[in-house]
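Pasting input00.csv here (CSV, C-alpha atoms):
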chain,number,residue,atom,x,y,z
A,1,MET,CA,8.3,-11.2,87.3
A,2,ASN,CA,6.7,-8.4,85.3
A,3,ALA,CA,10.0,-7.7,83.6
A,4,PHE,CA,10.3,-11.3,82.7
A,5,LEU,CA,6.8,-11.3,81.2
A,6,TRP,CA,7.5,-8.2,79.2
A,7,LEU,CA,10.6,-9.9,77.8
A,8,LEU,CA,8.6,-13.0,76.9
A,9,VAL,CA,6.1,-11.0,74.8
A,10,PRO,CA,8.5,-9.7,72.1
A,11,VAL,CA,10.4,-13.0,72.1
A,12,GLY,CA,7.1,-14.8,71.6
A,13,LEU,CA,6.0,-12.5,68.8
A,14,VAL,CA,9.3,-12.9,67.0
A,15,LEU,CA,9.1,-16.7,67.2
A,16,ALA,CA,5.5,-16.6,66.1
A,17,ALA,CA,6.5,-14.4,63.1
A,18,GLY,CA,9.2,-16.9,62.1
A,19,LEU,CA,6.8,-19.8,62.4
A,20,VAL,CA,4.1,-18.2,60.3
A,21,THR,CA,6.6,-17.2,57.7
A,22,SER,CA,8.0,-20.7,57.6
A,23,PHE,CA,4.6,-22.2,57.0
A,24,TYR,CA,3.8,-19.6,54.4
A,25,LEU,CA,6.9,-20.2,52.4
A,26,THR,CA,6.7,-24.0,52.5
A,27,SER,CA,3.0,-24.4,52.0
A,28,ARG,CA,1.5,-26.1,49.0
A,29,ARG,CA,1.1,-24.0,45.8
A,30,PRO,CA,-1.9,-24.9,43.7
A,31,ARG,CA,-1.9,-24.7,39.9
A,32,THR,CA,-2.8,-21.2,38.7
A,33,THR,CA,-1.7,-21.3,35.1
A,34,PHE,CA,-3.2,-23.6,32.5
A,35,GLN,CA,-1.4,-24.3,29.2
A,36,SER,CA,-0.8,-27.2,26.9
A,37,PRO,CA,2.0,-27.9,24.4
A,38,ALA,CA,-0.8,-28.5,21.9
A,39,GLU,CA,-1.3,-24.7,21.8
A,40,TYR,CA,2.2,-24.5,20.1
A,41,GLY,CA,1.5,-27.4,17.8
A,42,LEU,CA,3.6,-29.8,19.8
A,43,GLU,CA,2.8,-33.5,20.4
A,44,PHE,CA,3.1,-34.4,24.1
A,45,GLU,CA,2.4,-37.0,26.7
A,46,GLU,CA,1.3,-36.4,30.3
A,47,LEU,CA,3.4,-38.6,32.6
A,48,THR,CA,3.2,-39.6,36.3
A,49,PHE,CA,6.6,-40.6,37.8
A,50,LYS,CA,8.2,-40.9,41.2
A,51,ALA,CA,10.7,-38.7,42.9
A,52,ALA,CA,13.8,-40.5,44.2
A,53,ASP,CA,12.1,-40.6,47.7
A,54,GLY,CA,8.9,-42.1,46.2
A,55,LEU,CA,6.6,-39.0,46.0
A,56,ARG,CA,4.4,-39.1,42.9
A,57,LEU,CA,4.9,-36.2,40.5
A,58,LYS,CA,3.2,-35.0,37.3
A,59,GLY,CA,5.1,-34.2,34.2
A,60,CYS,CA,4.8,-33.3,30.5
A,61,TRP,CA,7.0,-35.1,27.9
A,62,ILE,CA,7.6,-33.4,24.5
A,63,PRO,CA,9.6,-35.9,22.3
A,64,ALA,CA,12.0,-35.0,19.5
A,65,THR,CA,12.1,-38.0,17.2
A,66,GLY,CA,15.6,-39.5,16.8
A,67,SER,CA,17.2,-37.4,19.5
A,68,ASP,CA,18.9,-38.8,22.7
A,69,ARG,CA,19.3,-35.3,24.1
A,70,ALA,CA,16.9,-33.8,26.6
A,71,VAL,CA,16.4,-30.6,28.6
A,72,ILE,CA,14.4,-30.7,31.8
A,73,ILE,CA,12.8,-27.3,32.6
A,74,LEU,CA,12.4,-26.5,36.3
A,75,HIS,CA,9.8,-23.9,37.3
A,76,GLY,CA,9.9,-21.2,40.0
A,77,HIS,CA,8.4,-21.1,43.4
A,78,GLY,CA,4.6,-21.0,43.4
A,79,GLY,CA,4.5,-21.9,39.7
A,80,SER,CA,3.9,-25.1,37.7
A,81,LEU,CA,5.1,-26.6,34.5
A,82,ASP,CA,2.4,-24.7,32.7
A,83,GLY,CA,4.1,-21.4,33.0
A,84,ASP,CA,7.2,-22.6,31.2
A,85,ILE,CA,5.6,-24.5,28.3
A,86,HIS,CA,6.2,-21.5,26.1
A,87,ARG,CA,9.9,-22.2,26.4
A,88,ALA,CA,9.6,-25.7,24.9
A,89,PRO,CA,9.1,-24.9,21.1
A,90,ALA,CA,12.5,-23.3,20.6
A,91,LEU,CA,14.3,-26.2,22.4
A,92,HIS,CA,12.2,-28.8,20.5
A,93,ALA,CA,12.9,-27.1,17.2
A,94,ALA,CA,16.6,-27.3,18.0
A,95,GLY,CA,16.4,-31.1,18.3
A,96,PHE,CA,16.0,-31.5,22.1
A,97,ASN,CA,13.4,-33.6,23.8
A,98,VAL,CA,11.8,-31.5,26.5
A,99,PHE,CA,10.5,-32.6,29.9
A,100,LEU,CA,8.6,-30.3,32.3
A,101,PHE,CA,7.2,-31.3,35.7
A,102,ASP,CA,5.5,-29.8,38.7
A,103,PHE,CA,7.8,-29.8,41.8
A,104,ARG,CA,6.4,-31.4,45.0
A,105,ALA,CA,3.8,-29.3,46.7
A,106,HIS,CA,3.2,-27.5,43.4
A,107,GLY,CA,0.6,-27.9,40.7
A,108,ARG,CA,-0.6,-31.4,40.1
A,109,SER,CA,2.2,-33.2,42.0
A,110,GLN,CA,1.9,-34.7,45.5
A,111,GLY,CA,3.5,-33.2,48.5
A,112,ARG,CA,2.7,-30.6,51.2
A,113,LEU,CA,6.1,-29.0,51.7
A,114,ALA,CA,8.1,-26.8,49.4
A,115,THR,CA,11.7,-26.8,50.6
A,116,PHE,CA,13.7,-24.6,48.2
A,117,GLY,CA,15.9,-27.3,46.8
A,118,TYR,CA,16.5,-29.6,49.8
A,119,LEU,CA,13.8,-32.1,48.9
A,120,GLU,CA,13.3,-30.9,45.3
A,121,ARG,CA,16.7,-32.5,44.6
A,122,GLN,CA,14.8,-35.8,44.9
A,123,ASP,CA,12.3,-34.6,42.3
A,124,VAL,CA,15.0,-33.8,39.8
A,125,LEU,CA,16.7,-37.1,40.4
A,126,GLY,CA,13.4,-38.9,39.7
A,127,ALA,CA,13.0,-37.0,36.5
A,128,VAL,CA,16.5,-37.9,35.3
A,129,GLU,CA,15.9,-41.5,36.1
A,130,LEU,CA,12.7,-41.5,34.2
A,131,LEU,CA,14.4,-40.0,31.1
A,132,GLN,CA,17.3,-42.6,31.4
A,133,HIS,CA,14.7,-45.4,31.3
A,134,MET,CA,13.3,-43.8,28.1
A,135,GLY,CA,16.8,-44.0,26.5
A,136,LEU,CA,17.9,-40.4,26.9
A,137,LYS,CA,21.7,-40.2,27.3
A,138,ARG,CA,22.5,-36.5,27.4
A,139,ILE,CA,20.4,-34.6,29.9
A,140,GLY,CA,20.6,-30.9,30.8
A,141,LEU,CA,18.7,-28.7,33.3
A,142,LEU,CA,17.2,-25.3,32.7
A,143,GLY,CA,16.1,-23.8,36.0
A,144,PHE,CA,14.4,-20.6,36.8
A,145,SER,CA,14.8,-19.0,40.3
A,146,TYR,CA,13.5,-21.7,42.7
A,147,GLY,CA,14.2,-24.2,39.9
A,148,GLY,CA,17.7,-22.8,39.5
A,149,MET,CA,18.3,-23.5,43.1
A,150,ALA,CA,17.1,-27.1,42.7
A,151,ALA,CA,19.3,-27.5,39.7
A,152,MET,CA,22.4,-26.4,41.5
A,153,LEU,CA,21.7,-28.7,44.4
A,154,ALA,CA,20.7,-31.7,42.3
A,155,ALA,CA,23.5,-31.7,39.7
A,156,PRO,CA,26.3,-32.3,42.3
A,157,ILE,CA,24.7,-35.6,43.4
A,158,CYS,CA,23.6,-36.8,39.9
A,159,PRO,CA,26.4,-37.5,37.5
A,160,TYR,CA,23.9,-38.1,34.7
A,161,ILE,CA,23.2,-34.4,34.5
A,162,HIS,CA,25.5,-33.1,31.8
A,163,ALA,CA,24.9,-29.4,31.8
A,164,VAL,CA,23.1,-26.8,33.8
A,165,VAL,CA,21.5,-23.4,33.0
A,166,THR,CA,20.3,-21.3,36.0
A,167,ASP,CA,18.3,-18.1,35.4
A,168,GLY,CA,18.0,-16.2,38.7
A,169,GLY,CA,18.8,-19.1,41.0
A,170,PRO,CA,19.5,-17.3,44.3
A,171,ALA,CA,23.0,-17.7,45.9
A,172,ARG,CA,21.7,-17.9,49.4
A,173,LEU,CA,18.2,-18.6,50.7
A,174,GLN,CA,18.5,-16.2,53.6
A,175,THR,CA,19.3,-13.3,51.2
A,176,ALA,CA,16.3,-14.2,49.0
A,177,LEU,CA,13.9,-14.5,51.9
A,178,ALA,CA,15.1,-11.2,53.4
A,179,THR,CA,14.3,-9.5,50.1
A,180,ARG,CA,10.9,-11.1,50.0
A,181,ALA,CA,10.2,-9.9,53.6
A,182,VAL,CA,11.0,-6.3,52.5
A,183,GLU,CA,8.6,-6.7,49.6
A,184,LEU,CA,6.0,-7.7,52.2
A,185,HIS,CA,6.6,-4.4,54.0
A,186,ILE,CA,8.8,-5.8,56.8
A,187,PRO,CA,11.3,-3.2,57.9
A,188,GLN,CA,14.8,-3.6,56.4
A,189,TRP,CA,16.4,-3.9,59.8
A,190,LEU,CA,14.1,-6.8,60.7
A,191,ALA,CA,14.1,-8.6,57.4
A,192,GLY,CA,17.5,-10.3,57.8
A,193,PRO,CA,16.9,-11.7,61.3
A,194,LEU,CA,13.4,-12.8,60.3
A,195,ALA,CA,14.8,-14.6,57.3
A,196,TRP,CA,17.4,-16.3,59.5
A,197,LEU,CA,14.8,-17.3,62.0
A,198,THR,CA,12.5,-18.6,59.3
A,199,ILE,CA,15.2,-20.9,57.9
A,200,ALA,CA,16.1,-22.1,61.5
A,201,ILE,CA,12.5,-23.0,62.2
A,202,THR,CA,12.1,-24.6,58.8
A,203,SER,CA,15.2,-26.6,59.6
A,204,LEU,CA,13.7,-27.9,62.8
A,205,ARG,CA,10.4,-28.8,60.9
A,206,LEU,CA,12.3,-30.7,58.2
A,207,ARG,CA,15.0,-32.1,60.6
A,208,ALA,CA,17.6,-30.9,58.2
A,209,ASN,CA,20.1,-27.9,58.4
A,210,MET,CA,18.7,-25.7,55.6
A,211,PHE,CA,21.6,-23.3,56.0
A,212,HIS,CA,23.7,-26.1,54.5
A,213,TYR,CA,21.6,-26.4,51.4
A,214,GLU,CA,22.4,-23.1,49.7
A,215,ALA,CA,23.7,-22.8,46.2
A,216,THR,CA,27.0,-21.3,47.1
A,217,ARG,CA,27.9,-24.4,49.1
A,218,TRP,CA,27.0,-26.8,46.3
A,219,VAL,CA,27.5,-25.2,42.9
A,220,GLY,CA,31.3,-25.8,42.9
A,221,ARG,CA,30.6,-29.6,43.0
A,222,ILE,CA,29.0,-29.5,39.5
A,223,THR,CA,32.4,-29.2,37.9
A,224,PRO,CA,33.7,-30.5,35.5
A,225,ARG,CA,30.2,-30.3,33.9
A,226,PRO,CA,29.5,-26.9,32.5
A,227,ILE,CA,27.1,-24.3,34.0
A,228,LEU,CA,25.6,-21.2,32.4
A,229,PHE,CA,24.4,-18.4,34.7
A,230,ILE,CA,21.9,-15.9,33.5
A,231,HIS,CA,21.8,-12.9,35.8
A,232,GLY,CA,19.9,-9.6,35.7
A,233,GLU,CA,21.9,-7.0,37.4
A,234,LEU,CA,18.7,-5.7,39.1
A,235,ASP,CA,17.8,-9.1,40.5
A,236,GLN,CA,16.7,-8.2,44.0
A,237,TYR,CA,16.8,-11.9,45.1
A,238,CYS,CA,20.4,-12.4,44.2
A,239,PRO,CA,22.4,-9.3,45.1
A,240,ASP,CA,25.2,-11.6,46.1
A,241,PHE,CA,25.5,-13.2,42.7
A,242,ASN,CA,29.2,-12.6,42.5
A,243,ASP,CA,29.7,-14.9,45.4
A,244,LEU,CA,27.7,-17.6,43.6
A,245,PHE,CA,29.7,-17.2,40.4
A,246,ALA,CA,33.0,-17.3,42.3
A,247,ALA,CA,31.9,-20.5,44.0
A,248,ALA,CA,31.3,-22.3,40.8
A,249,GLY,CA,34.0,-24.3,39.2
A,250,GLU,CA,35.1,-24.4,35.5
A,251,PRO,CA,33.8,-24.6,32.9
A,252,LYS,CA,31.3,-21.8,33.7
A,253,GLU,CA,29.7,-19.0,31.7
A,254,VAL,CA,27.7,-16.0,32.6
A,255,TRP,CA,25.4,-13.7,30.7
A,256,ARG,CA,24.9,-10.5,32.7
A,257,LEU,CA,22.1,-8.1,31.7
A,258,ALA,CA,22.2,-4.5,32.9
A,259,GLY,CA,18.9,-3.0,33.9
A,260,VAL,CA,17.1,-6.4,34.0
A,261,GLY,CA,15.4,-7.9,37.1
A,262,HIS,CA,14.7,-11.3,38.4
A,263,THR,CA,14.3,-14.0,35.7
A,264,LYS,CA,13.4,-11.2,33.2
A,265,ALA,CA,16.1,-12.0,30.6
A,266,SER,CA,13.8,-14.0,28.4
A,267,GLU,CA,11.3,-11.1,28.4
A,268,ASP,CA,13.8,-8.4,27.9
A,269,GLN,CA,15.8,-10.1,25.2
A,270,PRO,CA,13.8,-13.2,24.0
A,271,GLU,CA,15.8,-13.9,20.8
A,272,GLU,CA,19.1,-13.6,22.5
A,273,PHE,CA,17.9,-15.7,25.4
A,274,ARG,CA,16.9,-18.5,23.1
A,275,ARG,CA,20.1,-18.3,21.1
A,276,ARG,CA,22.4,-18.4,24.1
A,277,VAL,CA,20.5,-21.3,25.9
A,278,ILE,CA,20.3,-23.4,22.7
A,279,GLU,CA,23.9,-22.8,21.8
A,280,PHE,CA,25.0,-23.8,25.3
A,281,PHE,CA,23.1,-27.0,25.2
A,282,ASN,CA,24.2,-27.7,21.7
A,283,ASN,CA,27.8,-27.4,22.8
A,284,ASN,CA,27.4,-29.4,25.9
A,285,LEU,CA,24.8,-32.2,25.4
Hey, can you dump this file as structure tokens for me?
Amino acid sequence: MNAFLWLLVPVGLVLAAGLVTSFYLTSRRPRTTFQSPAEYGLEFEELTFKAADGLRLKGCWIPATGSDRAVIILHGHGGSLDGDIHRAPALHAAGFNVFLFDFRAHGRSQGRLATFGYLERQDVLGAVELLQHMGLKRIGLLGFSYGGMAAMLAAPICPYIHAVVTDGGPARLQTALATRAVELHIPQWLAGPLAWLTIAITSLRLRANMFHYEATRWVGRITPRPILFIHGELDQYCPDFNDLFAAAGEPKEVWRLAGVGHTKASEDQPEEFRRRVIEFFNNNL
């Protein structure tokens, strides 16, 4: 009996760790950055719209007069649209309407659960539907990290998305979570199993197999629409990037940056970043 109890203690601790990590990663992220397009001399409108499953989301619309092309910018985990507003001026100057919004459970949008792409697909679908109602005919996605994951999961189920750029969108959630665990000082040998357990517990909470909703399983379904990958070779959250790129169908492009970390391309080479992204959308929208 004592031996059984001694076995239950470590098992219980492991399960508790997985449960705590699941709640931590999926918990609501408040708005921490405050910016306005007006700071860049841009006219804008704050909009409220519904995700495809009915959740109310907050967005920011920056119109380009006479253009039927739009780029939706998708922020990273724990962020909000505010952190990406600085990316709008270059796109707007190139003739694109720009739409940014807070994912569910982020910033000013409704929702209590962040789900790393599974439910965020519904947010992207809602944003696309909104732009279609506004008369936009050519729509592209520009996603960063978490937003890149959402882009790669949403585009396969939305034919109205015409082009995708993902900067640092992880190939596999388990790999990204294991990296995050190491950053939180979890031993390397434990990080992988804890990441797996966290996803398993999250799957039970969401009543969905989260292992199925990883980018490597979906990115190939974006074809024949084009995708541009931006990958820093030092991206700790995507060491398996080659698997992701191999899984994508044609047409596909990649910009690899030696010595650059996770979503740091626009900081390391801002002019080249803008040039490549704008050229890609000009060619494909």
Non-local contacts of A:Glu214 (8 Å; only C-alpha atoms; under 6 positions in same chain excluded) as an NGL selection string = :A and (149 or 153 or 171-173)
Could you save the residues just selected, with C-alpha atoms, as an mmCIF file, in the coordinates of the input?
data_model
loop_
_atom_site.group_PDB
_atom_site.id
_atom_site.type_symbol
_atom_site.label_atom_id
_atom_site.label_comp_id
_atom_site.auth_asym_id
_atom_site.auth_seq_id
_atom_site.Cartn_x
_atom_site.Cartn_y
_atom_site.Cartn_z
ATOM 1 C CA MET A 149 18.300 -23.500 43.100
ATOM 2 C CA LEU A 153 21.700 -28.700 44.400
ATOM 3 C CA ALA A 171 23.000 -17.700 45.900
ATOM 4 C CA ARG A 172 21.700 -17.900 49.400
ATOM 5 C CA LEU A 173 18.200 -18.600 50.700
#
Using only C-alpha atoms, give me every residue within 10 Å of (20.9, -24.4, 57.9) in file coordinates, as a list of chain:residue names.
->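 Selection result: A:Leu173, A:Gln174, A:Trp196, A:Ile199, A:Ala200, A:Ile201, A:Thr202, A:Ser203, A:Leu204, A:Ala208, A:Asn209, A:Met210, A:Phe211, A:His212, A:Tyr213, A:Glu214.
Taking atom CA of A:Glu233 and atom CA of A:Arg121 as endpoints, the distance between them is 27.0 Å.
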Residue neighbourhood A:Thr26, 8 Å, all atoms listed in the file, exclusion window fewer than 2 positions, as a ChimeraX atom specification | /A:22-24,28,112-115
Enumerate, as a list in words, the protein, DNA and RNA residues whose atoms approach (18.4, -39.2, 36.2) to within 9 Å, taking into account all atoms listed in the file and the coordinate frame of the file.
->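 I get Val124, Leu125, Gly126, Ala127, Val128, Glu129, Leu130, Leu131, Gln132, His133, Ile139, Cys158, Pro159, Tyr160 and Ile161 of chain A for the residues within 9 Å of that point.
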